[in-house]
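As stored in input.cif (mmCIF, C-alpha atoms):
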data_work
loop_
_atom_site.group_PDB
_atom_site.id
_atom_site.type_symbol
_atom_site.label_atom_id
_atom_site.label_comp_id
_atom_site.auth_asym_id
_atom_site.auth_seq_id
_atom_site.Cartn_x
_atom_site.Cartn_y
_atom_site.Cartn_z
ATOM 1 C CA MET M 1 159.459 121.733 -147.057
ATOM 2 C CA VAL M 2 156.119 120.699 -145.692
ATOM 3 C CA GLY M 3 154.117 122.237 -142.867
ATOM 4 C CA GLN M 4 151.250 120.122 -141.602
ATOM 5 C CA ILE M 5 149.285 119.900 -138.409
ATOM 6 C CA GLY M 6 148.329 116.511 -136.970
ATOM 7 C CA ASN M 7 146.364 114.261 -139.278
ATOM 8 C CA LEU M 8 144.569 117.013 -141.169
ATOM 9 C CA THR M 9 143.383 115.567 -144.446
ATOM 10 C CA ARG M 10 142.313 117.224 -147.688
ATOM 11 C CA ARG M 11 138.822 115.866 -147.036
ATOM 12 C CA ARG M 12 138.536 117.558 -143.616
ATOM 13 C CA PHE M 13 139.923 120.749 -145.147
ATOM 14 C CA SER M 14 137.423 120.581 -148.034
ATOM 15 C CA VAL M 15 134.491 119.870 -145.722
ATOM 16 C CA GLY M 16 135.413 122.879 -143.562
ATOM 17 C CA MET M 17 135.764 125.107 -146.605
ATOM 18 C CA ALA M 18 132.426 123.894 -148.028
ATOM 19 C CA ALA M 19 130.674 124.636 -144.726
ATOM 20 C CA THR M 20 132.006 128.194 -144.810
ATOM 21 C CA LEU M 21 130.989 128.549 -148.454
ATOM 22 C CA PHE M 22 127.362 127.599 -147.878
ATOM 23 C CA THR M 23 126.893 130.138 -145.087
ATOM 24 C CA THR M 24 127.193 133.005 -147.564
ATOM 25 C CA THR M 25 124.690 134.389 -150.048
ATOM 26 C CA SER M 26 127.019 135.079 -152.966
ATOM 27 C CA ALA M 27 129.174 132.015 -152.537
ATOM 28 C CA SER M 28 132.400 132.757 -154.366
ATOM 29 C CA GLN M 29 132.588 136.512 -153.719
ATOM 30 C CA ALA M 30 131.495 136.327 -150.088
ATOM 31 C CA PHE M 31 133.728 133.331 -149.516
ATOM 32 C CA ALA M 32 136.796 135.208 -150.740
ATOM 33 C CA ALA M 33 135.977 138.169 -148.504
ATOM 34 C CA ASN M 34 135.324 135.907 -145.510
ATOM 35 C CA TYR M 35 138.438 133.896 -146.208
ATOM 36 C CA LEU M 36 140.627 136.982 -146.317
ATOM 37 C CA SER M 37 139.046 138.450 -143.192
ATOM 38 C CA GLY M 38 139.891 135.376 -141.118
ATOM 39 C CA THR M 39 136.715 133.340 -140.777
ATOM 40 C CA SER M 40 138.198 130.028 -141.941
ATOM 41 C CA ASP M 41 139.710 127.511 -139.521
ATOM 42 C CA ILE M 42 142.825 126.888 -141.631
ATOM 43 C CA ARG M 43 144.642 128.345 -144.611
ATOM 44 C CA ARG M 44 147.018 126.422 -146.832
ATOM 45 C CA ILE M 45 149.530 127.426 -149.491
ATOM 46 C CA SER M 46 151.047 125.098 -152.067
ATOM 47 C CA MET M 47 153.714 126.185 -154.565
ATOM 48 C CA PHE M 48 156.776 124.985 -156.410
ATOM 49 C CA SER M 49 159.647 126.886 -157.970
ATOM 50 C CA GLY M 50 161.138 125.749 -161.244
ATOM 51 C CA ARG M 51 164.016 128.157 -160.577
ATOM 52 C CA THR M 52 165.182 126.441 -157.377
ATOM 53 C CA GLY M 53 163.498 123.034 -157.632
ATOM 54 C CA GLU M 54 161.919 123.641 -154.201
ATOM 55 C CA SER M 55 158.308 123.193 -153.189
ATOM 56 C CA ILE M 56 156.137 124.077 -150.225
ATOM 57 C CA ASP M 57 152.786 122.695 -149.149
ATOM 58 C CA ALA M 58 151.932 124.161 -145.778
ATOM 59 C CA ILE M 59 149.123 125.143 -143.460
ATOM 60 C CA TYR M 60 150.131 128.661 -142.465
ATOM 61 C CA TRP M 61 147.060 129.850 -140.510
ATOM 62 C CA ILE M 62 145.033 127.954 -137.902
ATOM 63 C CA ASP M 63 142.062 129.104 -135.823
ATOM 64 C CA GLY M 64 142.688 132.815 -136.291
ATOM 65 C CA HIS M 65 146.488 132.759 -135.978
ATOM 66 C CA TYR M 66 149.343 132.725 -138.439
ATOM 67 C CA VAL M 67 151.894 129.960 -137.829
ATOM 68 C CA GLU M 68 155.143 131.927 -137.499
ATOM 69 C CA GLU M 69 157.421 128.965 -138.275
ATOM 70 C CA VAL M 70 155.542 128.300 -141.510
ATOM 71 C CA LEU M 71 155.607 131.994 -142.438
ATOM 72 C CA GLY M 72 159.387 131.767 -142.104
ATOM 73 C CA GLU M 73 159.390 128.802 -144.510
ATOM 74 C CA ILE M 74 157.248 130.792 -146.956
ATOM 75 C CA ASN M 75 159.613 133.798 -146.694
ATOM 76 C CA PHE M 76 162.536 131.519 -147.528
ATOM 77 C CA PHE M 77 160.672 129.824 -150.373
ATOM 78 C CA MET M 78 159.608 133.150 -151.912
ATOM 79 C CA ARG M 79 163.092 134.687 -151.581
ATOM 80 C CA ASP M 80 164.957 136.387 -154.420
ATOM 81 C CA TRP M 81 166.517 133.283 -155.959
ATOM 82 C CA ARG M 82 169.100 135.363 -157.824
ATOM 83 C CA THR M 83 170.636 136.903 -154.682
ATOM 84 C CA ASP M 84 169.305 134.464 -152.036
ATOM 85 C CA GLU M 85 167.978 137.479 -150.069
ATOM 86 C CA GLN M 86 164.656 137.237 -148.296
ATOM 87 C CA LEU M 87 162.175 139.631 -146.764
ATOM 88 C CA PRO M 88 158.995 138.876 -144.834
ATOM 89 C CA ILE M 89 156.244 138.303 -147.378
ATOM 90 C CA ASP M 90 153.118 140.300 -146.576
ATOM 91 C CA VAL M 91 150.571 137.779 -145.272
ATOM 92 C CA ARG M 92 147.899 139.446 -147.402
ATOM 93 C CA VAL M 93 149.690 138.169 -150.525
ATOM 94 C CA ILE M 94 149.722 134.665 -149.089
ATOM 95 C CA ASP M 95 146.022 134.972 -148.239
ATOM 96 C CA ILE M 96 145.179 136.168 -151.766
ATOM 97 C CA LEU M 97 147.108 133.249 -153.259
ATOM 98 C CA ALA M 98 145.345 130.758 -150.999
ATOM 99 C CA ALA M 99 141.869 132.233 -151.593
ATOM 100 C CA THR M 100 142.395 132.386 -155.359
ATOM 101 C CA ARG M 101 143.391 128.740 -155.470
ATOM 102 C CA ILE M 102 140.289 127.744 -153.517
ATOM 103 C CA LEU M 103 138.038 129.833 -155.767
ATOM 104 C CA LEU M 104 139.588 128.027 -158.747
ATOM 105 C CA ASP M 105 138.663 124.704 -157.096
ATOM 106 C CA THR M 106 142.102 123.205 -157.579
ATOM 107 C CA THR M 107 144.651 121.479 -155.417
ATOM 108 C CA GLU M 108 147.387 122.062 -157.984
ATOM 109 C CA PRO M 109 150.348 123.955 -156.540
ATOM 110 C CA TYR M 110 151.200 127.321 -158.011
ATOM 111 C CA SER M 111 154.309 127.651 -160.088
ATOM 112 C CA LEU M 112 156.053 130.633 -158.476
ATOM 113 C CA LEU M 113 158.008 132.766 -160.919
ATOM 114 C CA SER M 114 158.734 135.686 -158.619
ATOM 115 C CA GLY M 115 158.024 136.546 -155.003
ATOM 116 C CA TYR M 116 160.352 138.918 -153.169
ATOM 117 C CA ARG M 117 162.845 140.744 -155.395
ATOM 118 C CA SER M 118 165.836 142.653 -154.139
ATOM 119 C CA ALA M 119 166.269 146.202 -155.460
ATOM 120 C CA LYS M 120 169.276 144.941 -157.437
ATOM 121 C CA THR M 121 167.250 142.182 -159.126
ATOM 122 C CA ASN M 122 164.361 144.542 -159.809
ATOM 123 C CA ALA M 123 166.733 147.030 -161.482
ATOM 124 C CA LEU M 124 168.222 144.211 -163.587
ATOM 125 C CA LEU M 125 164.786 143.009 -164.723
ATOM 126 C CA ARG M 126 163.679 146.578 -165.380
ATOM 127 C CA SER M 127 166.698 147.165 -167.634
ATOM 128 C CA ARG M 128 165.823 144.034 -169.641
ATOM 129 C CA SER M 129 162.087 144.716 -170.020
ATOM 130 C CA ALA M 130 160.134 147.111 -172.163
ATOM 131 C CA GLY M 131 158.395 148.852 -169.271
ATOM 132 C CA SER M 132 156.750 145.788 -167.713
ATOM 133 C CA VAL M 133 158.794 145.965 -164.486
ATOM 134 C CA ALA M 134 157.858 148.863 -162.218
ATOM 135 C CA ARG M 135 160.596 150.992 -160.687
ATOM 136 C CA ASN M 136 158.810 150.828 -157.313
ATOM 137 C CA SER M 137 157.607 147.245 -157.695
ATOM 138 C CA LEU M 138 155.673 145.750 -154.800
ATOM 139 C CA HIS M 139 157.903 142.680 -155.234
ATOM 140 C CA VAL M 140 160.714 144.712 -153.616
ATOM 141 C CA GLN M 141 158.512 145.170 -150.543
ATOM 142 C CA GLY M 142 157.481 141.495 -150.327
ATOM 143 C CA ARG M 143 153.940 142.441 -151.336
ATOM 144 C CA ALA M 144 153.582 140.652 -154.702
ATOM 145 C CA ALA M 145 153.869 137.290 -156.447
ATOM 146 C CA ASP M 146 153.952 136.190 -160.079
ATOM 147 C CA VAL M 147 152.380 132.753 -160.520
ATOM 148 C CA ARG M 148 150.792 130.352 -162.967
ATOM 149 C CA LEU M 149 148.697 127.231 -162.778
ATOM 150 C CA ARG M 150 149.100 124.588 -165.458
ATOM 151 C CA THR M 151 145.422 123.547 -165.340
ATOM 152 C CA ARG M 152 143.886 127.038 -165.273
ATOM 153 C CA SER M 153 144.063 129.796 -167.858
ATOM 154 C CA LEU M 154 145.430 133.242 -167.118
ATOM 155 C CA GLY M 155 141.897 134.572 -167.461
ATOM 156 C CA GLN M 156 140.485 132.099 -164.938
ATOM 157 C CA THR M 157 143.259 132.812 -162.456
ATOM 158 C CA ALA M 158 142.978 136.584 -162.858
ATOM 159 C CA ARG M 159 139.172 136.549 -162.472
ATOM 160 C CA ALA M 160 139.404 134.454 -159.292
ATOM 161 C CA ALA M 161 142.062 136.777 -157.862
ATOM 162 C CA LEU M 162 139.899 139.801 -158.673
ATOM 163 C CA LYS M 163 137.018 138.297 -156.687
ATOM 164 C CA CYS M 164 139.262 138.472 -153.620
ATOM 165 C CA SER M 165 139.397 142.284 -153.927
ATOM 166 C CA GLY M 166 142.718 142.155 -152.123
ATOM 167 C CA GLY M 167 144.969 144.135 -154.456
ATOM 168 C CA GLY M 168 146.329 144.383 -157.959
ATOM 169 C CA VAL M 169 145.942 141.685 -160.588
ATOM 170 C CA GLY M 170 147.975 141.785 -163.781
ATOM 171 C CA ARG M 171 147.745 139.402 -166.727
ATOM 172 C CA TYR M 172 150.962 138.802 -168.659
ATOM 173 C CA SER M 173 149.841 136.723 -171.631
ATOM 174 C CA ARG M 174 153.163 136.771 -173.500
ATOM 175 C CA SER M 175 154.996 135.378 -170.460
ATOM 176 C CA ASN M 176 152.045 133.251 -169.282
ATOM 177 C CA PHE M 177 151.715 134.389 -165.668
ATOM 178 C CA VAL M 178 149.446 136.356 -163.359
ATOM 179 C CA HIS M 179 150.779 139.023 -161.001
ATOM 180 C CA LEU M 180 148.987 139.282 -157.631
ATOM 181 C CA ASP M 181 149.721 141.927 -155.026
ATOM 182 C CA CYS M 182 148.241 143.483 -151.892
ATOM 183 C CA GLY M 183 148.497 147.078 -153.119
ATOM 184 C CA PRO M 184 145.534 149.119 -154.352
ATOM 185 C CA VAL M 185 142.829 147.124 -156.174
ATOM 186 C CA ARG M 186 143.481 147.516 -159.906
ATOM 187 C CA THR M 187 143.889 145.402 -163.057
ATOM 188 C CA TRP M 188 146.033 145.506 -166.173
ATOM 189 C CA GLY M 189 147.212 143.347 -169.033
ATOM 190 C CA SER M 190 145.522 141.003 -171.435
#

Could I get this structure in the form of C-alpha coordinates?
Amino acid sequence: MVGQIGNLTRRRFSVGMAATLFTTTSASQAFAANYLSGTSDIRRISMFSGRTGESIDAIYWIDGHYVEEVLGEINFFMRDWRTDEQLPIDVRVIDILAATRILLDTTEPYSLLSGYRSAKTNALLRSRSAGSVARNSLHVQGRAADVRLRTRSLGQTARAALKCSGGGVGRYSRSNFVHLDCGPVRTWGS
(Lines of atoms letter the chains of each structure in order from A and count residues from 1; the text may use other names and numbers.)
(Lines give C-alpha, C1' and ligand atoms only; values in the text may rest on other atoms or scores of the structure.)
Protein backbone atom coordinates (compact mmCIF):
# COMPACT_ATOMS: atom_id res chain seq x y z
CA MET A 1 0.00 0.00 0.00
CA VAL A 2 1.34 3.40 -0.85
CA GLY A 3 -0.24 6.80 -0.27
CA GLN A 4 1.39 9.66 -2.13
CA ILE A 5 0.31 13.07 -3.28
CA GLY A 6 1.34 14.36 -6.71
CA ASN A 7 5.05 14.42 -7.38
CA LEU A 8 6.14 15.05 -3.80
CA THR A 9 9.76 13.99 -3.51
CA ARG A 10 11.89 13.16 -0.48
CA ARG A 11 13.96 16.24 -1.29
CA ARG A 12 10.95 18.60 -1.15
CA PHE A 13 9.84 16.89 2.06
CA SER A 14 13.32 17.25 3.58
CA VAL A 15 13.62 20.89 2.55
CA GLY A 16 10.25 21.67 4.15
CA MET A 17 11.21 19.84 7.33
CA ALA A 18 14.59 21.63 7.48
CA ALA A 19 12.89 25.02 7.10
CA THR A 20 10.63 24.22 10.05
CA LEU A 21 13.60 22.99 12.07
CA PHE A 22 15.61 26.18 11.68
CA THR A 23 12.77 28.40 12.87
CA THR A 24 13.07 27.00 16.39
CA THR A 25 15.58 27.74 19.13
CA SER A 26 16.05 24.23 20.51
CA ALA A 27 15.93 22.44 17.19
CA SER A 28 15.11 18.84 18.00
CA GLN A 29 12.87 19.41 21.03
CA ALA A 30 11.00 22.36 19.57
CA PHE A 31 10.70 20.60 16.24
CA ALA A 32 9.04 17.57 17.84
CA ALA A 33 6.59 19.80 19.70
CA ASN A 34 5.85 21.84 16.57
CA TYR A 35 5.53 18.72 14.47
CA LEU A 36 3.02 17.17 16.85
CA SER A 37 1.03 20.39 17.16
CA GLY A 38 0.48 20.60 13.40
CA THR A 39 2.89 23.19 12.05
CA SER A 40 4.38 21.00 9.31
CA ASP A 41 2.96 20.93 5.78
CA ILE A 42 3.02 17.13 5.50
CA ARG A 43 3.47 14.07 7.69
CA ARG A 44 4.59 10.68 6.45
CA ILE A 45 4.63 7.21 7.97
CA SER A 46 6.66 4.28 6.68
CA MET A 47 6.47 0.78 8.17
CA PHE A 48 6.62 -2.89 7.29
CA SER A 49 5.29 -5.94 9.08
CA GLY A 50 7.29 -9.14 9.14
CA ARG A 51 4.16 -10.87 10.46
CA THR A 52 2.03 -10.14 7.38
CA GLY A 53 4.66 -9.24 4.78
CA GLU A 54 2.83 -5.93 4.19
CA SER A 55 4.31 -2.45 4.06
CA ILE A 56 3.01 1.10 4.03
CA ASP A 57 4.72 4.31 3.00
CA ALA A 58 2.15 7.08 3.06
CA ILE A 59 1.62 10.79 3.51
CA TYR A 60 -1.21 10.87 6.04
CA TRP A 61 -1.43 14.60 6.87
CA ILE A 62 -1.31 17.57 4.48
CA ASP A 63 -1.65 21.29 5.21
CA GLY A 64 -3.32 20.86 8.59
CA HIS A 65 -5.61 17.95 7.68
CA TYR A 66 -5.43 14.21 8.13
CA VAL A 67 -6.03 12.22 4.93
CA GLU A 68 -8.93 9.96 5.93
CA GLU A 69 -8.31 7.38 3.18
CA VAL A 70 -4.69 6.99 4.29
CA LEU A 71 -5.73 6.75 7.95
CA GLY A 72 -7.94 3.85 6.88
CA GLU A 73 -4.92 2.18 5.25
CA ILE A 74 -2.90 2.70 8.44
CA ASN A 75 -5.73 1.21 10.55
CA PHE A 76 -5.73 -1.86 8.31
CA PHE A 77 -1.94 -2.13 8.34
CA MET A 78 -1.76 -1.84 12.14
CA ARG A 79 -4.60 -4.34 12.71
CA ASP A 80 -4.38 -7.33 15.04
CA TRP A 81 -2.76 -9.77 12.62
CA ARG A 82 -3.80 -12.75 14.76
CA THR A 83 -7.55 -12.05 14.53
CA ASP A 84 -7.59 -9.67 11.52
CA GLU A 85 -9.60 -7.18 13.63
CA GLN A 86 -8.91 -3.48 13.32
CA LEU A 87 -9.70 -0.36 15.28
CA PRO A 88 -8.97 3.26 14.42
CA ILE A 89 -5.41 3.98 15.49
CA ASP A 90 -5.15 7.17 17.53
CA VAL A 91 -3.54 9.76 15.23
CA ARG A 92 -1.31 10.86 18.10
CA VAL A 93 0.47 7.49 17.92
CA ILE A 94 1.01 7.96 14.20
CA ASP A 95 2.31 11.49 14.83
CA ILE A 96 4.73 10.26 17.52
CA LEU A 97 6.02 7.56 15.17
CA ALA A 98 6.51 10.06 12.35
CA ALA A 99 8.18 12.68 14.58
CA THR A 100 10.48 10.10 16.17
CA ARG A 101 11.64 8.89 12.79
CA ILE A 102 12.42 12.44 11.68
CA LEU A 103 14.31 13.17 14.90
CA LEU A 104 16.36 10.03 14.24
CA ASP A 105 17.19 11.42 10.77
CA THR A 106 16.31 8.21 8.98
CA THR A 107 14.16 7.21 6.07
CA GLU A 108 14.20 3.57 7.13
CA PRO A 109 10.71 2.17 7.65
CA TYR A 110 9.77 0.95 11.09
CA SER A 111 9.38 -2.74 11.65
CA LEU A 112 5.95 -2.96 13.30
CA LEU A 113 5.65 -5.75 15.84
CA SER A 114 2.32 -4.74 17.35
CA GLY A 115 -0.22 -2.01 16.75
CA TYR A 116 -3.86 -2.63 17.65
CA ARG A 117 -4.48 -5.76 19.73
CA SER A 118 -7.86 -7.29 20.33
CA ALA A 119 -8.75 -8.07 23.96
CA LYS A 120 -8.45 -11.77 23.08
CA THR A 121 -4.91 -11.35 21.71
CA ASN A 122 -3.89 -9.17 24.65
CA ALA A 123 -5.13 -11.83 27.10
CA LEU A 124 -3.20 -14.51 25.19
CA LEU A 125 0.03 -12.49 25.24
CA ARG A 126 -0.50 -11.63 28.90
CA SER A 127 -0.83 -15.32 29.78
CA ARG A 128 2.47 -16.06 28.00
CA SER A 129 4.48 -13.17 29.47
CA ALA A 130 6.00 -12.59 32.87
CA GLY A 131 4.14 -9.35 33.55
CA SER A 132 5.31 -7.41 30.49
CA VAL A 133 1.83 -7.20 28.92
CA ALA A 134 -0.55 -4.86 30.73
CA ARG A 135 -4.09 -6.01 31.47
CA ASN A 136 -5.41 -2.64 30.26
CA SER A 137 -2.88 -2.21 27.46
CA LEU A 138 -3.19 0.88 25.30
CA HIS A 139 -2.74 -1.47 22.33
CA VAL A 140 -6.33 -2.63 22.92
CA GLN A 141 -7.49 0.97 22.48
CA GLY A 142 -5.44 1.58 19.32
CA ARG A 143 -3.20 3.97 21.25
CA ALA A 144 0.17 2.16 21.12
CA ALA A 145 2.75 0.61 18.80
CA ASP A 146 5.76 -1.65 19.31
CA VAL A 147 8.47 -0.95 16.74
CA ARG A 148 12.14 -1.28 15.92
CA LEU A 149 14.55 0.23 13.47
CA ARG A 150 17.40 -1.88 12.15
CA THR A 151 19.81 1.08 11.88
CA ARG A 152 19.05 2.69 15.25
CA SER A 153 19.54 1.32 18.74
CA LEU A 154 16.73 0.96 21.24
CA GLY A 155 18.32 3.76 23.24
CA GLN A 156 18.42 6.13 20.26
CA THR A 157 14.82 5.36 19.33
CA ALA A 158 13.58 5.72 22.91
CA ARG A 159 15.41 9.03 23.44
CA ALA A 160 13.98 10.47 20.22
CA ALA A 161 10.47 9.35 21.18
CA LEU A 162 10.88 10.93 24.62
CA LYS A 163 11.73 14.27 23.01
CA CYS A 164 8.26 14.22 21.46
CA SER A 165 6.70 14.29 24.96
CA GLY A 166 3.65 12.62 23.46
CA GLY A 167 3.18 9.63 25.76
CA GLY A 168 4.79 6.54 27.18
CA VAL A 169 8.06 5.09 25.94
CA GLY A 170 9.15 1.61 26.97
CA ARG A 171 12.42 -0.12 26.11
CA TYR A 172 12.29 -3.90 25.77
CA SER A 173 15.93 -4.89 25.37
CA ARG A 174 15.40 -8.66 25.55
CA SER A 175 12.87 -8.54 22.70
CA ASN A 176 14.61 -5.66 20.88
CA PHE A 177 11.73 -3.21 20.46
CA VAL A 178 10.47 0.15 21.68
CA HIS A 179 6.88 0.67 22.82
CA LEU A 180 5.38 4.09 22.00
CA ASP A 181 1.95 5.23 23.13
CA CYS A 182 -0.14 8.38 23.49
CA GLY A 183 -1.02 7.81 27.15
CA PRO A 184 0.57 9.70 30.04
CA VAL A 185 4.23 10.67 29.54
CA ARG A 186 6.33 8.03 31.31
CA THR A 187 9.27 5.69 30.66
CA TRP A 188 10.25 2.16 31.64
CA GLY A 189 12.58 -0.64 30.68
CA SER A 190 16.25 -0.87 29.92

Separation of CA of Arg101 in chain M from CA of Gln156 in chain M, in Å and rounded to one decimal: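 Between these atoms lies a distance of 10.5 Å.
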
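Residues in contact with Arg148 in chain M at up to 6 Å, not including ones fewer than 3 positions away on its chain and judged by all atoms listed in the file, are M:Tyr110, M:Ser111, M:Phe177.
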
If I take CA of Ser46 in chain M and CA of Thr107 in chain M, how far is one from the other in Å, to one decimal? 8.1 Å

For the structure shown, which residues end up in the PyMOL selection byres ((chain M and resi 96-99) around 7)? Put them as an NGL selection string, please? :M and (32 or 35 or 43-45 or 92-95 or 100-103 or 161 or 164 or 166)

Which residues of range 106-184 of chain M come within 9 Å of range 59-80 of chain M, and what is each one's closest atom pair and distance in Å (one decimal), counting only C-alpha atoms, sorted by chain and residue number, as a tab-separated table?
residue	atom	partner	partner_atom	distance
M:Leu112	CA	M:Met78	CA	7.9
M:Ser114	CA	M:Met78	CA	7.2
M:Gly115	CA	M:Met78	CA	4.9
M:Tyr116	CA	M:Arg79	CA	5.3
M:Arg117	CA	M:Asp80	CA	4.9
M:Ser118	CA	M:Asp80	CA	6.3
M:Thr121	CA	M:Asp80	CA	7.8
M:Gly142	CA	M:Met78	CA	8.8
M:Ala145	CA	M:Met78	CA	8.4

Between CA of Ser153 in chain M and CA of Arg126 in chain M lies a distance of 25.9 Å

The PyMOL selection byres ((chain M and resi 141) around 10) on the file shown: which residues, as a PyMOL selection string? chain M and resi 87-90+115-119+136-140+142-144

Which of these, M:Arg82, M:Arg150, M:Leu104, M:Arg171, has the shortest distance to Asn122 in chain M once you count only C-alpha atoms?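 Going through M:Arg82, M:Arg150, M:Leu104, M:Arg171 one by one, the smallest distance to Asn122 in chain M is for M:Arg82.
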
Please fill the gaps in range 75-107 of chain M so it has N, CA and C atoms, and write that as a tab-separated table (two decimals), in the coordinates of the input.
chain	number	residue	atom	x	y	z
M	75	ASN	N	158.67	132.71	-146.39
M	75	ASN	CA	159.61	133.80	-146.69
M	75	ASN	C	160.84	133.25	-147.40
M	76	PHE	N	161.36	132.13	-146.90
M	76	PHE	CA	162.54	131.52	-147.53
M	76	PHE	C	162.19	131.03	-148.93
M	77	PHE	N	161.07	130.36	-149.07
M	77	PHE	CA	160.67	129.82	-150.37
M	77	PHE	C	160.50	130.94	-151.40
M	78	MET	N	159.91	132.06	-150.99
M	78	MET	CA	159.61	133.15	-151.91
M	78	MET	C	160.75	134.17	-152.02
M	79	ARG	N	161.93	133.79	-151.56
M	79	ARG	CA	163.09	134.69	-151.58
M	79	ARG	C	163.50	135.03	-153.01
M	80	ASP	N	164.35	136.03	-153.14
M	80	ASP	CA	164.96	136.39	-154.42
M	80	ASP	C	165.98	135.30	-154.74
M	81	TRP	N	165.66	134.43	-155.66
M	81	TRP	CA	166.52	133.28	-155.96
M	81	TRP	C	167.83	133.70	-156.63
M	82	ARG	N	167.87	134.89	-157.19
M	82	ARG	CA	169.10	135.36	-157.82
M	82	ARG	C	170.16	135.76	-156.78
M	83	THR	N	169.71	136.40	-155.70
M	83	THR	CA	170.64	136.90	-154.68
M	83	THR	C	170.57	136.12	-153.37
M	84	ASP	N	169.56	135.26	-153.25
M	84	ASP	CA	169.30	134.46	-152.04
M	84	ASP	C	168.86	135.33	-150.86
M	85	GLU	N	168.48	136.59	-151.13
M	85	GLU	CA	167.98	137.48	-150.07
M	85	GLU	C	166.50	137.19	-149.83
M	86	GLN	N	166.08	137.39	-148.59
M	86	GLN	CA	164.66	137.24	-148.30
M	86	GLN	C	164.16	138.40	-147.45
M	87	LEU	N	162.87	138.59	-147.50
M	87	LEU	CA	162.18	139.63	-146.76
M	87	LEU	C	160.86	139.01	-146.32
M	88	PRO	N	160.31	139.42	-145.20
M	88	PRO	CA	159.00	138.88	-144.83
M	88	PRO	C	157.97	139.19	-145.92
M	89	ILE	N	157.31	138.15	-146.39
M	89	ILE	CA	156.24	138.30	-147.38
M	89	ILE	C	154.99	138.76	-146.65
M	90	ASP	N	154.35	139.78	-147.17
M	90	ASP	CA	153.12	140.30	-146.58
M	90	ASP	C	152.08	139.17	-146.56
M	91	VAL	N	151.51	138.90	-145.40
M	91	VAL	CA	150.57	137.78	-145.27
M	91	VAL	C	149.34	137.98	-146.15
M	92	ARG	N	149.04	139.21	-146.52
M	92	ARG	CA	147.90	139.45	-147.40
M	92	ARG	C	148.13	138.83	-148.78
M	93	VAL	N	149.38	138.82	-149.24
M	93	VAL	CA	149.69	138.17	-150.52
M	93	VAL	C	149.46	136.67	-150.40
M	94	ILE	N	149.90	136.10	-149.31
M	94	ILE	CA	149.72	134.66	-149.09
M	94	ILE	C	148.23	134.34	-149.02
M	95	ASP	N	147.46	135.17	-148.33
M	95	ASP	CA	146.02	134.97	-148.24
M	95	ASP	C	145.35	135.06	-149.61
M	96	ILE	N	145.76	136.02	-150.42
M	96	ILE	CA	145.18	136.17	-151.77
M	96	ILE	C	145.50	134.93	-152.61
M	97	LEU	N	146.74	134.46	-152.53
M	97	LEU	CA	147.11	133.25	-153.26
M	97	LEU	C	146.26	132.06	-152.82
M	98	ALA	N	146.11	131.89	-151.52
M	98	ALA	CA	145.34	130.76	-151.00
M	98	ALA	C	143.87	130.87	-151.39
M	99	ALA	N	143.28	132.05	-151.26
M	99	ALA	CA	141.87	132.23	-151.59
M	99	ALA	C	141.63	132.04	-153.08
M	100	THR	N	142.53	132.54	-153.91
M	100	THR	CA	142.40	132.39	-155.36
M	100	THR	C	142.40	130.92	-155.74
M	101	ARG	N	143.29	130.17	-155.17
M	101	ARG	CA	143.39	128.74	-155.47
M	101	ARG	C	142.11	128.00	-155.08
M	102	ILE	N	141.54	128.37	-153.94
M	102	ILE	CA	140.29	127.74	-153.52
M	102	ILE	C	139.15	128.13	-154.46
M	103	LEU	N	139.08	129.40	-154.85
M	103	LEU	CA	138.04	129.83	-155.77
M	103	LEU	C	138.15	129.13	-157.12
M	104	LEU	N	139.37	128.75	-157.50
M	104	LEU	CA	139.59	128.03	-158.75
M	104	LEU	C	139.29	126.53	-158.61
M	105	ASP	N	139.00	126.10	-157.37
M	105	ASP	CA	138.66	124.70	-157.10
M	105	ASP	C	139.76	123.76	-157.60
M	106	THR	N	140.98	124.05	-157.18
M	106	THR	CA	142.10	123.20	-157.58
M	106	THR	C	143.00	122.93	-156.39
M	107	THR	N	143.64	121.79	-156.42
M	107	THR	CA	144.65	121.48	-155.42
M	107	THR	C	146.05	121.56	-156.03
